[in-house]
Amino acid sequence: MGLDLCGIDAIYMATKYSKSIEDVLTLGRQGIYLSYEQFLTKSSNGYSSFSEDFFKNLGAKVVDSIDYSNFEGCTIVHDMNTPVSVIKKYDFIFDGGCTEHIFNIPQVFDNIIKLLKIGGVFCSVTVNNNFSGHGFYQFSPEIFIQVFQKDYGMELLELFLAETDSETSTWVSVKISDYRQTFKFENTKQVYIIAIARKVCENAFSILDKVPLQKSYKIDWSK
């Protein structure tokens, strides 16, 4: 898990939607998976093996990381398969390839929503295709469209499919209003799904209590 070229560009895009990034949380302690030369093309403020300095150069004052184990030196040890006890909330949460390794995905997304401040932004760069065997899951656009909606106190701002190590100009924007999400790359390269969402309110349903339903079926059932 960590920041590669797509991750860096997704973060730059996501921070434009956030009023503040003083308090940052990463899912897992995020390493930086760029060569020194690649990193310097994205940031002129230094380089380290983990992402804390990168976020602080963007304006973060606190960069916490949450993980099942402290094997990489995270600041919060917690199993995201289980509910979080919210001690503090964050302006910005980044997932650079953690959620696909956690079995209880509904609980993970519920935790993320609870850990965000109102106006806080979640940025996810996770796996969509040709990562078989990498983790438990490869994600469809539909899950982000249905989880990050106003019923659950969220709004989905951006959604892309992107080949790994690709420039933003080549990312495929998923049209959130479409009936069924069938966007794909006609190749065998590994593909990320990149989602940016913002929390809009606290008084909303939990996805654990009111489970999301696939949009196309909701349309069919209403006929």
# chains A, B, ... in the order shown; residues from 1 in each chain; ligands from 1
call {"tool": "residues_around", "arguments": {"residues": "Trp171 (chain A)", "least_positions_apart": "5", "cutoff": "12 Å", "atoms": "only C-alpha atoms", "output": "MDAnalysis selection string"}}
result
chainID A and resid 6 9:10 158:166 183:185 191:195
call {"tool": "residues_around", "arguments": {"residues": "region 109-119 of chain A", "least_positions_apart": "5", "cutoff": "8 Å", "atoms": "only C-alpha atoms", "output": "list in words"}}
result
Ser18, Lys19, Met80, Pro83, Val84, Val86, Lys88, Lys89, Tyr90, Asp91, Phe92, Ile93, Val147, Gly153, Met154, Arg198, Lys199, Val200, Cys201, Glu202, Ser206, Ile207 and Leu208 of chain A
call {"tool": "residues_around", "arguments": {"residues": "Tyr137 (chain A)", "least_positions_apart": "5", "cutoff": "10 Å", "atoms": "only C-alpha atoms", "output": "PyMOL selection string"}}
result
chain A and resi 99-103+105+126-129+131-132
call {"tool": "atom_distance", "arguments": {"atom1": "CA of Val62 (chain A)", "atom2": "CA of Glu22 (chain A)"}}
result
6.3 Å
call {"tool": "select_by_dssp", "arguments": {"residues": "region 18-214 of chain A", "states": "helix (DSSP H, G or I)", "output": "compact mmCIF listing (two decimals) with N, CA and C atoms, in the first residue's frame"}}
result
# COMPACT_ATOMS: atom_id res chain seq x y z
N TYR A 36 13.18 8.37 -6.72
CA TYR A 36 13.46 9.73 -6.26
C TYR A 36 13.17 10.74 -7.37
N GLU A 37 13.53 10.40 -8.60
CA GLU A 37 13.32 11.30 -9.72
C GLU A 37 11.83 11.50 -10.00
N GLN A 38 11.06 10.40 -9.94
CA GLN A 38 9.61 10.52 -10.12
C GLN A 38 9.00 11.40 -9.05
N PHE A 39 9.44 11.21 -7.82
CA PHE A 39 8.86 11.97 -6.72
C PHE A 39 9.13 13.46 -6.89
N LEU A 40 10.32 13.82 -7.33
CA LEU A 40 10.66 15.22 -7.48
C LEU A 40 9.83 15.90 -8.57
N THR A 41 9.33 15.13 -9.54
CA THR A 41 8.46 15.73 -10.55
C THR A 41 7.09 16.06 -9.97
N LYS A 42 6.73 15.44 -8.85
CA LYS A 42 5.43 15.66 -8.23
C LYS A 42 5.50 16.60 -7.02
N GLU A 52 4.16 10.73 5.53
CA GLU A 52 3.86 11.81 6.47
C GLU A 52 4.42 13.16 6.02
N ASP A 53 5.67 13.19 5.59
CA ASP A 53 6.26 14.45 5.16
C ASP A 53 5.55 15.01 3.93
N PHE A 54 5.15 14.13 3.04
CA PHE A 54 4.42 14.58 1.85
C PHE A 54 3.14 15.31 2.26
N PHE A 55 2.34 14.72 3.16
CA PHE A 55 1.09 15.36 3.59
C PHE A 55 1.37 16.64 4.36
N LYS A 56 2.41 16.65 5.16
CA LYS A 56 2.74 17.88 5.91
C LYS A 56 3.16 19.00 4.98
N ASN A 57 3.82 18.66 3.87
CA ASN A 57 4.16 19.68 2.89
C ASN A 57 2.93 20.23 2.18
N THR A 99 -8.15 -1.05 1.60
CA THR A 99 -9.49 -1.63 1.78
C THR A 99 -9.64 -3.00 1.13
N GLU A 100 -8.95 -3.24 0.03
CA GLU A 100 -9.12 -4.53 -0.64
C GLU A 100 -8.56 -5.70 0.17
N HIS A 101 -7.78 -5.38 1.20
CA HIS A 101 -7.19 -6.41 2.05
C HIS A 101 -8.01 -6.67 3.32
N ILE A 105 -15.94 -5.27 4.37
CA ILE A 105 -15.97 -4.00 3.65
C ILE A 105 -17.09 -3.05 4.14
N PRO A 106 -18.32 -3.52 4.42
CA PRO A 106 -19.31 -2.58 4.94
C PRO A 106 -18.84 -1.87 6.21
N GLN A 107 -18.20 -2.61 7.10
CA GLN A 107 -17.71 -1.97 8.33
C GLN A 107 -16.59 -0.98 8.04
N VAL A 108 -15.74 -1.31 7.08
CA VAL A 108 -14.65 -0.40 6.71
C VAL A 108 -15.22 0.94 6.24
N PHE A 109 -16.19 0.90 5.33
CA PHE A 109 -16.76 2.15 4.81
C PHE A 109 -17.52 2.90 5.90
N ASP A 110 -18.21 2.18 6.76
CA ASP A 110 -18.90 2.83 7.87
C ASP A 110 -17.89 3.54 8.78
N ASN A 111 -16.77 2.89 9.05
CA ASN A 111 -15.72 3.51 9.87
C ASN A 111 -15.18 4.77 9.21
N ILE A 112 -14.92 4.70 7.91
CA ILE A 112 -14.38 5.86 7.20
C ILE A 112 -15.31 7.04 7.32
N ILE A 113 -16.61 6.81 7.09
CA ILE A 113 -17.58 7.90 7.16
C ILE A 113 -17.61 8.50 8.57
N LYS A 114 -17.57 7.66 9.58
CA LYS A 114 -17.61 8.14 10.96
C LYS A 114 -16.35 8.92 11.34
N LEU A 115 -15.23 8.59 10.73
CA LEU A 115 -13.96 9.24 11.07
C LEU A 115 -13.76 10.56 10.35
N PRO A 141 -17.21 0.27 -9.86
CA PRO A 141 -17.66 1.64 -9.56
C PRO A 141 -18.92 1.69 -8.72
N GLU A 142 -19.80 0.71 -8.88
CA GLU A 142 -21.11 0.74 -8.23
C GLU A 142 -21.01 0.88 -6.71
N ILE A 143 -20.02 0.24 -6.09
CA ILE A 143 -19.97 0.28 -4.63
C ILE A 143 -19.70 1.70 -4.13
N PHE A 144 -18.87 2.45 -4.84
CA PHE A 144 -18.58 3.83 -4.43
C PHE A 144 -19.77 4.74 -4.70
N ILE A 145 -20.47 4.48 -5.80
CA ILE A 145 -21.64 5.28 -6.13
C ILE A 145 -22.73 5.11 -5.09
N GLN A 146 -22.92 3.89 -4.62
CA GLN A 146 -24.02 3.63 -3.68
C GLN A 146 -23.66 3.92 -2.22
N VAL A 147 -22.40 3.79 -1.85
CA VAL A 147 -22.00 4.06 -0.46
C VAL A 147 -21.84 5.55 -0.21
N LYS A 150 -25.91 10.81 -0.31
CA LYS A 150 -26.44 11.66 0.76
C LYS A 150 -27.16 10.87 1.84
N ASP A 151 -27.75 9.72 1.49
CA ASP A 151 -28.41 8.89 2.50
C ASP A 151 -27.45 8.56 3.65
N TYR A 152 -26.17 8.48 3.33
CA TYR A 152 -25.16 8.11 4.32
C TYR A 152 -24.27 9.29 4.70
N THR A 168 -3.03 11.62 -15.49
CA THR A 168 -4.44 11.93 -15.28
C THR A 168 -5.19 12.13 -16.61
N SER A 169 -4.49 12.56 -17.64
CA SER A 169 -5.13 12.79 -18.94
C SER A 169 -5.68 11.51 -19.55
N THR A 170 -5.19 10.36 -19.08
CA THR A 170 -5.65 9.07 -19.63
C THR A 170 -6.70 8.40 -18.74
call {"tool": "residues_around", "arguments": {"residues": "His78 (chain A)", "least_positions_apart": "4", "cutoff": "7 Å", "atoms": "only C-alpha atoms", "output": "list of chain:residue names"}}
result
A:Ile66, A:Asp67, A:Tyr68
call {"tool": "decode", "arguments": {"residues": "region 86-202 of chain A", "atoms": "C-alpha atoms", "output": "short mmCIF file (atom, residue, chain, number, x, y, z; two decimals), in the first residue's frame"}}
result
data_model
loop_
_atom_site.label_atom_id
_atom_site.label_comp_id
_atom_site.auth_asym_id
_atom_site.auth_seq_id
_atom_site.Cartn_x
_atom_site.Cartn_y
_atom_site.Cartn_z
CA VAL A 86 -14.22 7.71 17.33
CA ILE A 87 -11.87 9.77 19.48
CA LYS A 88 -11.14 12.39 16.82
CA LYS A 89 -12.26 13.12 13.28
CA TYR A 90 -10.23 14.01 10.24
CA ASP A 91 -10.22 16.55 7.42
CA PHE A 92 -8.74 14.09 4.94
CA ILE A 93 -8.60 10.29 4.82
CA PHE A 94 -6.50 8.49 2.23
CA ASP A 95 -6.65 4.86 1.17
CA GLY A 96 -3.75 3.94 -1.07
CA GLY A 97 -4.61 0.27 -1.38
CA CYS A 98 -5.75 -0.95 2.03
CA THR A 99 -9.49 -1.63 1.78
CA GLU A 100 -9.12 -4.53 -0.64
CA HIS A 101 -7.19 -6.41 2.05
CA ILE A 102 -9.95 -6.08 4.68
CA PHE A 103 -12.75 -8.66 4.59
CA ASN A 104 -15.58 -6.73 6.27
CA ILE A 105 -15.97 -4.00 3.65
CA PRO A 106 -19.31 -2.58 4.94
CA GLN A 107 -17.71 -1.97 8.33
CA VAL A 108 -14.65 -0.40 6.71
CA PHE A 109 -16.76 2.15 4.81
CA ASP A 110 -18.90 2.83 7.87
CA ASN A 111 -15.72 3.51 9.87
CA ILE A 112 -14.38 5.86 7.20
CA ILE A 113 -17.58 7.90 7.16
CA LYS A 114 -17.61 8.14 10.96
CA LEU A 115 -13.96 9.24 11.07
CA LEU A 116 -14.50 12.17 8.69
CA LYS A 117 -15.38 15.67 9.82
CA ILE A 118 -18.25 17.40 8.04
CA GLY A 119 -16.63 18.76 4.91
CA GLY A 120 -13.86 16.20 5.20
CA VAL A 121 -12.68 14.38 2.08
CA PHE A 122 -11.97 10.70 1.47
CA CYS A 123 -9.62 9.77 -1.36
CA SER A 124 -9.30 6.13 -2.39
CA VAL A 125 -6.91 4.56 -4.90
CA THR A 126 -7.70 0.87 -4.86
CA VAL A 127 -7.98 -2.04 -7.29
CA ASN A 128 -10.49 -2.51 -10.10
CA ASN A 129 -9.12 -5.16 -12.48
CA ASN A 130 -6.23 -7.55 -13.17
CA PHE A 131 -5.17 -7.64 -9.50
CA SER A 132 -6.49 -11.16 -8.89
CA GLY A 133 -4.76 -12.65 -5.85
CA HIS A 134 -3.65 -9.26 -4.54
CA GLY A 135 -6.32 -8.99 -1.86
CA PHE A 136 -9.85 -10.12 -1.04
CA TYR A 137 -11.54 -7.85 -3.59
CA GLN A 138 -11.45 -5.95 -6.86
CA PHE A 139 -13.97 -3.09 -6.77
CA SER A 140 -16.67 -2.03 -9.21
CA PRO A 141 -17.66 1.64 -9.56
CA GLU A 142 -21.11 0.74 -8.23
CA ILE A 143 -19.97 0.28 -4.63
CA PHE A 144 -18.58 3.83 -4.43
CA ILE A 145 -21.64 5.28 -6.13
CA GLN A 146 -24.02 3.63 -3.68
CA VAL A 147 -22.00 4.06 -0.46
CA PHE A 148 -20.91 7.67 -0.91
CA GLN A 149 -24.34 9.24 -1.30
CA LYS A 150 -26.44 11.66 0.76
CA ASP A 151 -28.41 8.89 2.50
CA TYR A 152 -25.16 8.11 4.32
CA GLY A 153 -24.01 11.70 4.78
CA MET A 154 -21.66 11.70 1.79
CA GLU A 155 -21.36 12.97 -1.77
CA LEU A 156 -19.24 11.37 -4.48
CA LEU A 157 -17.18 14.04 -6.26
CA GLU A 158 -14.94 12.13 -8.67
CA LEU A 159 -14.72 8.55 -9.91
CA PHE A 160 -12.13 7.25 -12.37
CA LEU A 161 -10.65 4.10 -13.79
CA ALA A 162 -6.92 4.42 -14.35
CA GLU A 163 -4.14 2.14 -15.47
CA THR A 164 -1.34 1.94 -12.92
CA ASP A 165 1.42 4.55 -13.37
CA SER A 166 -0.73 6.55 -15.78
CA GLU A 167 -1.15 10.28 -16.26
CA THR A 168 -4.44 11.93 -15.28
CA SER A 169 -5.13 12.79 -18.94
CA THR A 170 -5.65 9.07 -19.63
CA TRP A 171 -7.97 8.37 -16.69
CA VAL A 172 -11.50 7.32 -17.64
CA SER A 173 -14.17 9.30 -15.80
CA VAL A 174 -17.11 7.16 -14.73
CA LYS A 175 -20.44 8.88 -15.30
CA ILE A 176 -22.07 8.54 -11.92
CA SER A 177 -25.61 9.00 -13.27
CA ASP A 178 -25.45 6.12 -15.73
CA TYR A 179 -27.85 3.18 -15.40
CA ARG A 180 -25.17 0.53 -15.00
CA GLN A 181 -21.41 1.01 -14.68
CA THR A 182 -19.77 -0.96 -17.51
CA PHE A 183 -16.69 1.18 -18.10
CA LYS A 184 -13.54 -0.83 -18.72
CA PHE A 185 -10.16 -0.92 -20.40
CA GLU A 186 -9.81 -3.35 -23.27
CA ASN A 187 -6.39 -4.62 -22.21
CA THR A 188 -4.66 -6.83 -19.66
CA LYS A 189 -2.97 -4.08 -17.65
CA GLN A 190 -3.68 -3.53 -13.97
CA VAL A 191 -6.39 -0.94 -13.39
CA TYR A 192 -7.13 1.22 -10.34
CA ILE A 193 -10.44 2.71 -9.33
CA ILE A 194 -10.02 6.20 -7.90
CA ALA A 195 -12.80 7.73 -5.80
CA ILE A 196 -13.03 11.13 -4.13
CA ALA A 197 -15.94 11.77 -1.76
CA ARG A 198 -16.88 14.41 0.81
CA LYS A 199 -18.88 14.20 4.03
CA VAL A 200 -21.85 16.56 4.01
CA CYS A 201 -23.67 15.80 7.27
CA GLU A 202 -23.67 13.75 10.48
#
